[in-house]
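**Student:** Take this structure first; my questions come after.
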Amino acid sequence: MKRATTTLLTILLIATCAYSQDNGLAARLDSLLAVSVDLYNAAHYDEAVQATAEALNILENTIGKNNADYATLLSNEAYYNSLSGKYAEAIQFGAEAVDIYERIDNKDNPNYAPSLNNLTMYHGAAGNYEEAVRLGTEALKLLEETIGKENVTYATLLNNLANYHASLADYAEAIRLGTEAMRLYEKT
């Protein structure tokens, strides 16, 4: 819930500033975003997807697709789809968000690594374990470069990678990663 609420507040502030010339449009966007979070909180994920899709349409038609605001909303759309069990859609929206963040900030956008990790989880949930390993390894390297290894987030990513390796019957790597994750969990 905190993830969606925080993202909503960020988008609402951006939307209010960016669309202040068209109060009707800004109000509609703010309303759609608020409703999507309310629907999410009520576990009405399909309806949250619909409200977010309409908000995405407004952003696309006003500021275009190639910006962080649009990518953040795509990330929300991916997340809501994943909660509905629609992993193909989650992967599609998540991949588009990651591509936008990379294109506009060359992986330096603070939302890039978390979005990449989310995309990893969508692939894992869909049973695309090889892609989950590939993306998860990239997310792990980025995390190591930005905040280091000695933290719970890094340990969680290691644990997720261990699970994906186990799903691929790569048990030696799963054990190695899982053991390292346990060591980090005990330290932090």
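Ligands are numbered from 1 in the order shown, chains are lettered A, B, ... in the order of the structure tokens, and residues start at 1 in each chain.
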If you count only C-alpha atoms, which residues fall within 10 Å of Asn118 (chain A), apart from same-chain ones fewer than 3 positions away, as a list of chain:residue names?

**Tutor:**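 The residues that qualify are A:Ser75, A:Ala78, A:Tyr79, A:Ser82, A:Ala90, A:Ile91, A:Gly94, A:Ala95, A:Val98, A:Tyr112, A:Ala113, A:Pro114, A:Ser115, A:Met121, A:Tyr122, A:His123, A:Gly124, A:Ala132, A:Leu135, A:Gly136, A:Ala139.
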
**Student:** Using the chain letters and numbers from this document, which residues of region 4-178 of chain A does DSSP assign to alpha helix (DSSP H), as JSON, numbers by chain?

**Tutor:** {"A": [4, 5, 6, 7, 8, 9, 10, 11, 12, 13, 14, 15, 16, 17, 18, 23, 24, 25, 26, 27, 28, 29, 30, 31, 32, 33, 34, 35, 36, 37, 38, 39, 40, 41, 45, 46, 47, 48, 49, 50, 51, 52, 53, 54, 55, 56, 57, 58, 59, 60, 61, 62, 68, 69, 70, 71, 72, 73, 74, 75, 76, 77, 78, 79, 80, 81, 82, 83, 87, 88, 89, 90, 91, 92, 93, 94, 95, 96, 97, 98, 99, 100, 101, 102, 103, 104, 105, 112, 113, 114, 115, 116, 117, 118, 119, 120, 121, 122, 123, 124, 125, 129, 130, 131, 132, 133, 134, 135, 136, 137, 138, 139, 140, 141, 142, 143, 144, 145, 146, 147, 152, 153, 154, 155, 156, 157, 158, 159, 160, 161, 162, 163, 164, 165, 166, 167, 171, 172, 173, 174, 175, 176, 177, 178]}

**Student:** For the atom pair CA of Leu33 (chain A) and CA of Thr153 (chain A), what is the interatomic distance in Å to one decimal place?

**Tutor:**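 Atom-to-atom, CA of Leu33 (chain A) to CA of Thr153 (chain A), that is 27.7 Å.
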
**Student:** Using only C-alpha atoms, which protein or nucleic acid residues come within 10 Å of Leu184 (chain A)? Drop anything in the same chain fewer than 6 positions from it, and give the result as a short mmCIF file (atom, residue, chain, number, x, y, z; two decimals) with N, CA, C and O atoms, in the first residue's frame.

**Tutor:**
data_model
loop_
_atom_site.label_atom_id
_atom_site.label_comp_id
_atom_site.auth_asym_id
_atom_site.auth_seq_id
_atom_site.Cartn_x
_atom_site.Cartn_y
_atom_site.Cartn_z
N LYS A 149 26.07 -4.08 -0.68
CA LYS A 149 25.53 -5.42 -0.43
C LYS A 149 24.96 -5.62 0.96
O LYS A 149 24.13 -6.50 1.17
N GLU A 150 25.38 -4.84 1.90
CA GLU A 150 25.04 -5.08 3.30
C GLU A 150 23.69 -4.46 3.68
O GLU A 150 23.61 -3.57 4.51
N ASN A 151 22.61 -4.96 3.07
CA ASN A 151 21.29 -4.44 3.40
C ASN A 151 20.23 -5.48 3.06
O ASN A 151 20.47 -6.42 2.32
N VAL A 152 19.06 -5.28 3.62
CA VAL A 152 17.96 -6.23 3.46
C VAL A 152 17.48 -6.29 2.00
O VAL A 152 17.13 -7.37 1.51
N THR A 153 17.48 -5.16 1.31
CA THR A 153 17.02 -5.15 -0.08
C THR A 153 17.90 -6.03 -0.94
O THR A 153 17.41 -6.82 -1.76
N TYR A 154 19.19 -5.92 -0.76
CA TYR A 154 20.13 -6.75 -1.52
C TYR A 154 19.91 -8.23 -1.19
O TYR A 154 19.87 -9.08 -2.09
N ALA A 155 19.73 -8.52 0.09
CA ALA A 155 19.48 -9.90 0.51
C ALA A 155 18.19 -10.45 -0.12
O ALA A 155 18.14 -11.61 -0.55
N THR A 156 17.17 -9.62 -0.19
CA THR A 156 15.90 -10.05 -0.78
C THR A 156 16.07 -10.36 -2.26
O THR A 156 15.54 -11.37 -2.75
N LEU A 158 18.83 -11.31 -3.71
CA LEU A 158 19.59 -12.57 -3.75
C LEU A 158 18.66 -13.76 -3.54
O LEU A 158 18.75 -14.77 -4.24
N GLY A 178 21.13 -18.36 -1.91
CA GLY A 178 20.30 -18.43 -0.71
C GLY A 178 21.11 -18.33 0.57
O GLY A 178 20.71 -17.67 1.54
#

**Student:** Using only C-alpha atoms, which of A:Ile147, A:Ala55, A:Leu161, A:Leu83 sits nearest Asn117 (chain A)?

**Tutor:** A:Leu161

**Student:** Might you pull out every residue within 8 Å of Leu32 (chain A), with only C-alpha atoms counted and same-chain residues fewer than 3 positions away left off, and present them as a PyMOL selection string?

**Tutor:** chain A and resi 28-29+35-36+51-52+54-55

**Student:** Would you compute the distance between CA of Ala71 (chain A) and CA of Ala97 (chain A)? Give it in Å to one decimal.

**Tutor:**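 These two atoms are separated by 4.4 Å.
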
**Student:** Excluding same-chain residues fewer than 3 positions from Leu168 (chain A), what lies within 10 Å of it counting only C-alpha atoms, as an mmCIF file with all heavy atoms, in the first residue's frame?

**Tutor:**
data_model
loop_
_atom_site.group_PDB
_atom_site.id
_atom_site.type_symbol
_atom_site.label_atom_id
_atom_site.label_comp_id
_atom_site.auth_asym_id
_atom_site.auth_seq_id
_atom_site.Cartn_x
_atom_site.Cartn_y
_atom_site.Cartn_z
ATOM 1 N N GLY A 127 6.618 -17.587 -14.825
ATOM 2 C CA GLY A 127 7.356 -18.807 -15.129
ATOM 3 C C GLY A 127 8.485 -18.616 -16.121
ATOM 4 O O GLY A 127 9.075 -19.586 -16.586
ATOM 5 N N ASN A 128 8.820 -17.368 -16.427
ATOM 6 C CA ASN A 128 9.936 -17.054 -17.340
ATOM 7 C C ASN A 128 11.220 -16.931 -16.519
ATOM 8 O O ASN A 128 11.785 -15.848 -16.364
ATOM 9 C CB ASN A 128 9.667 -15.743 -18.089
ATOM 10 C CG ASN A 128 8.370 -15.750 -18.839
ATOM 11 O OD1 ASN A 128 7.914 -16.784 -19.301
ATOM 12 N ND2 ASN A 128 7.750 -14.580 -18.955
ATOM 13 N N TYR A 129 11.674 -18.047 -15.975
ATOM 14 C CA TYR A 129 12.762 -18.006 -15.001
ATOM 15 C C TYR A 129 14.093 -17.575 -15.594
ATOM 16 O O TYR A 129 14.873 -16.888 -14.920
ATOM 17 C CB TYR A 129 12.890 -19.363 -14.304
ATOM 18 C CG TYR A 129 11.615 -19.765 -13.621
ATOM 19 C CD1 TYR A 129 10.954 -20.926 -13.994
ATOM 20 C CD2 TYR A 129 11.057 -18.975 -12.621
ATOM 21 C CE1 TYR A 129 9.764 -21.288 -13.378
ATOM 22 C CE2 TYR A 129 9.875 -19.327 -12.010
ATOM 23 C CZ TYR A 129 9.228 -20.486 -12.395
ATOM 24 O OH TYR A 129 8.054 -20.830 -11.788
ATOM 25 N N GLU A 130 14.380 -17.953 -16.825
ATOM 26 C CA GLU A 130 15.643 -17.533 -17.429
ATOM 27 C C GLU A 130 15.703 -16.013 -17.566
ATOM 28 O O GLU A 130 16.731 -15.396 -17.285
ATOM 29 C CB GLU A 130 15.846 -18.219 -18.773
ATOM 30 C CG GLU A 130 16.124 -19.705 -18.633
ATOM 31 C CD GLU A 130 16.209 -20.435 -19.963
ATOM 32 O OE1 GLU A 130 16.009 -19.808 -21.021
ATOM 33 O OE2 GLU A 130 16.475 -21.646 -19.923
ATOM 34 N N VAL A 133 16.147 -14.473 -14.143
ATOM 35 C CA VAL A 133 17.553 -14.538 -13.712
ATOM 36 C C VAL A 133 18.366 -13.446 -14.396
ATOM 37 O O VAL A 133 19.152 -12.743 -13.751
ATOM 38 C CB VAL A 133 18.157 -15.937 -13.982
ATOM 39 C CG1 VAL A 133 19.680 -15.912 -13.867
ATOM 40 C CG2 VAL A 133 17.565 -16.963 -13.029
ATOM 41 N N ALA A 162 17.840 -16.792 -6.030
ATOM 42 C CA ALA A 162 18.005 -18.187 -5.607
ATOM 43 C C ALA A 162 16.764 -18.999 -5.988
ATOM 44 O O ALA A 162 16.884 -20.116 -6.501
ATOM 45 C CB ALA A 162 18.253 -18.257 -4.101
ATOM 46 N N ASN A 163 15.600 -18.425 -5.757
ATOM 47 C CA ASN A 163 14.354 -19.124 -6.108
ATOM 48 C C ASN A 163 14.239 -19.357 -7.613
ATOM 49 O O ASN A 163 13.798 -20.431 -8.050
ATOM 50 C CB ASN A 163 13.141 -18.340 -5.608
ATOM 51 C CG ASN A 163 13.028 -18.377 -4.109
ATOM 52 O OD1 ASN A 163 13.474 -19.322 -3.459
ATOM 53 N ND2 ASN A 163 12.450 -17.348 -3.534
ATOM 54 N N TYR A 164 14.628 -18.373 -8.415
ATOM 55 C CA TYR A 164 14.561 -18.540 -9.874
ATOM 56 C C TYR A 164 15.534 -19.612 -10.338
ATOM 57 O O TYR A 164 15.206 -20.424 -11.208
ATOM 58 C CB TYR A 164 14.827 -17.220 -10.607
ATOM 59 C CG TYR A 164 13.886 -16.103 -10.214
ATOM 60 C CD1 TYR A 164 14.351 -14.801 -10.073
ATOM 61 C CD2 TYR A 164 12.543 -16.340 -9.973
ATOM 62 C CE1 TYR A 164 13.498 -13.779 -9.711
ATOM 63 C CE2 TYR A 164 11.684 -15.321 -9.604
ATOM 64 C CZ TYR A 164 12.173 -14.045 -9.466
ATOM 65 O OH TYR A 164 11.315 -13.028 -9.102
ATOM 66 N N HIS A 165 16.741 -19.623 -9.759
ATOM 67 C CA HIS A 165 17.722 -20.664 -10.114
ATOM 68 C C HIS A 165 17.199 -22.042 -9.717
ATOM 69 O O HIS A 165 17.364 -23.006 -10.470
ATOM 70 C CB HIS A 165 19.080 -20.389 -9.466
ATOM 71 C CG HIS A 165 19.905 -19.392 -10.213
ATOM 72 N ND1 HIS A 165 20.606 -19.715 -11.357
ATOM 73 C CD2 HIS A 165 20.132 -18.076 -9.998
ATOM 74 C CE1 HIS A 165 21.240 -18.640 -11.811
ATOM 75 N NE2 HIS A 165 20.962 -17.629 -10.997
ATOM 76 N N TYR A 171 20.527 -25.969 -8.808
ATOM 77 C CA TYR A 171 20.483 -26.009 -7.358
ATOM 78 C C TYR A 171 21.763 -25.500 -6.701
ATOM 79 O O TYR A 171 21.701 -24.883 -5.632
ATOM 80 C CB TYR A 171 20.135 -27.416 -6.884
ATOM 81 C CG TYR A 171 18.797 -27.862 -7.409
ATOM 82 C CD1 TYR A 171 18.687 -28.924 -8.286
ATOM 83 C CD2 TYR A 171 17.634 -27.184 -7.050
ATOM 84 C CE1 TYR A 171 17.458 -29.316 -8.785
ATOM 85 C CE2 TYR A 171 16.400 -27.567 -7.550
ATOM 86 C CZ TYR A 171 16.313 -28.633 -8.412
ATOM 87 O OH TYR A 171 15.104 -29.011 -8.913
ATOM 88 N N ALA A 174 21.427 -21.827 -6.651
ATOM 89 C CA ALA A 174 20.339 -21.468 -5.733
ATOM 90 C C ALA A 174 20.827 -21.547 -4.285
ATOM 91 O O ALA A 174 20.544 -20.651 -3.482
ATOM 92 C CB ALA A 174 19.143 -22.387 -5.953
#

**Student:** Extract, using only C-alpha atoms, all DNA, RNA and protein residues at most 8 Å from region 61-67 of chain A, discarding same-chain residues fewer than 6 positions from it, and format them as JSON, numbers by chain.

**Tutor:** {"A": [100, 101, 104]}

**Student:** Could you state the separation of CA of Tyr70 (chain A) and CA of Leu56 (chain A) in Å, given to one decimal place?

**Tutor:**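 Value for the CA of Tyr70 (chain A)-CA of Leu56 (chain A) distance: 6.8 Å.
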
**Student:** Restricting the calculation to only C-alpha atoms, which member of A:Leu39, A:Val49, A:Leu157, A:Ile175 is positioned closest to Gly85 (chain A)?

**Tutor:** A:Val49
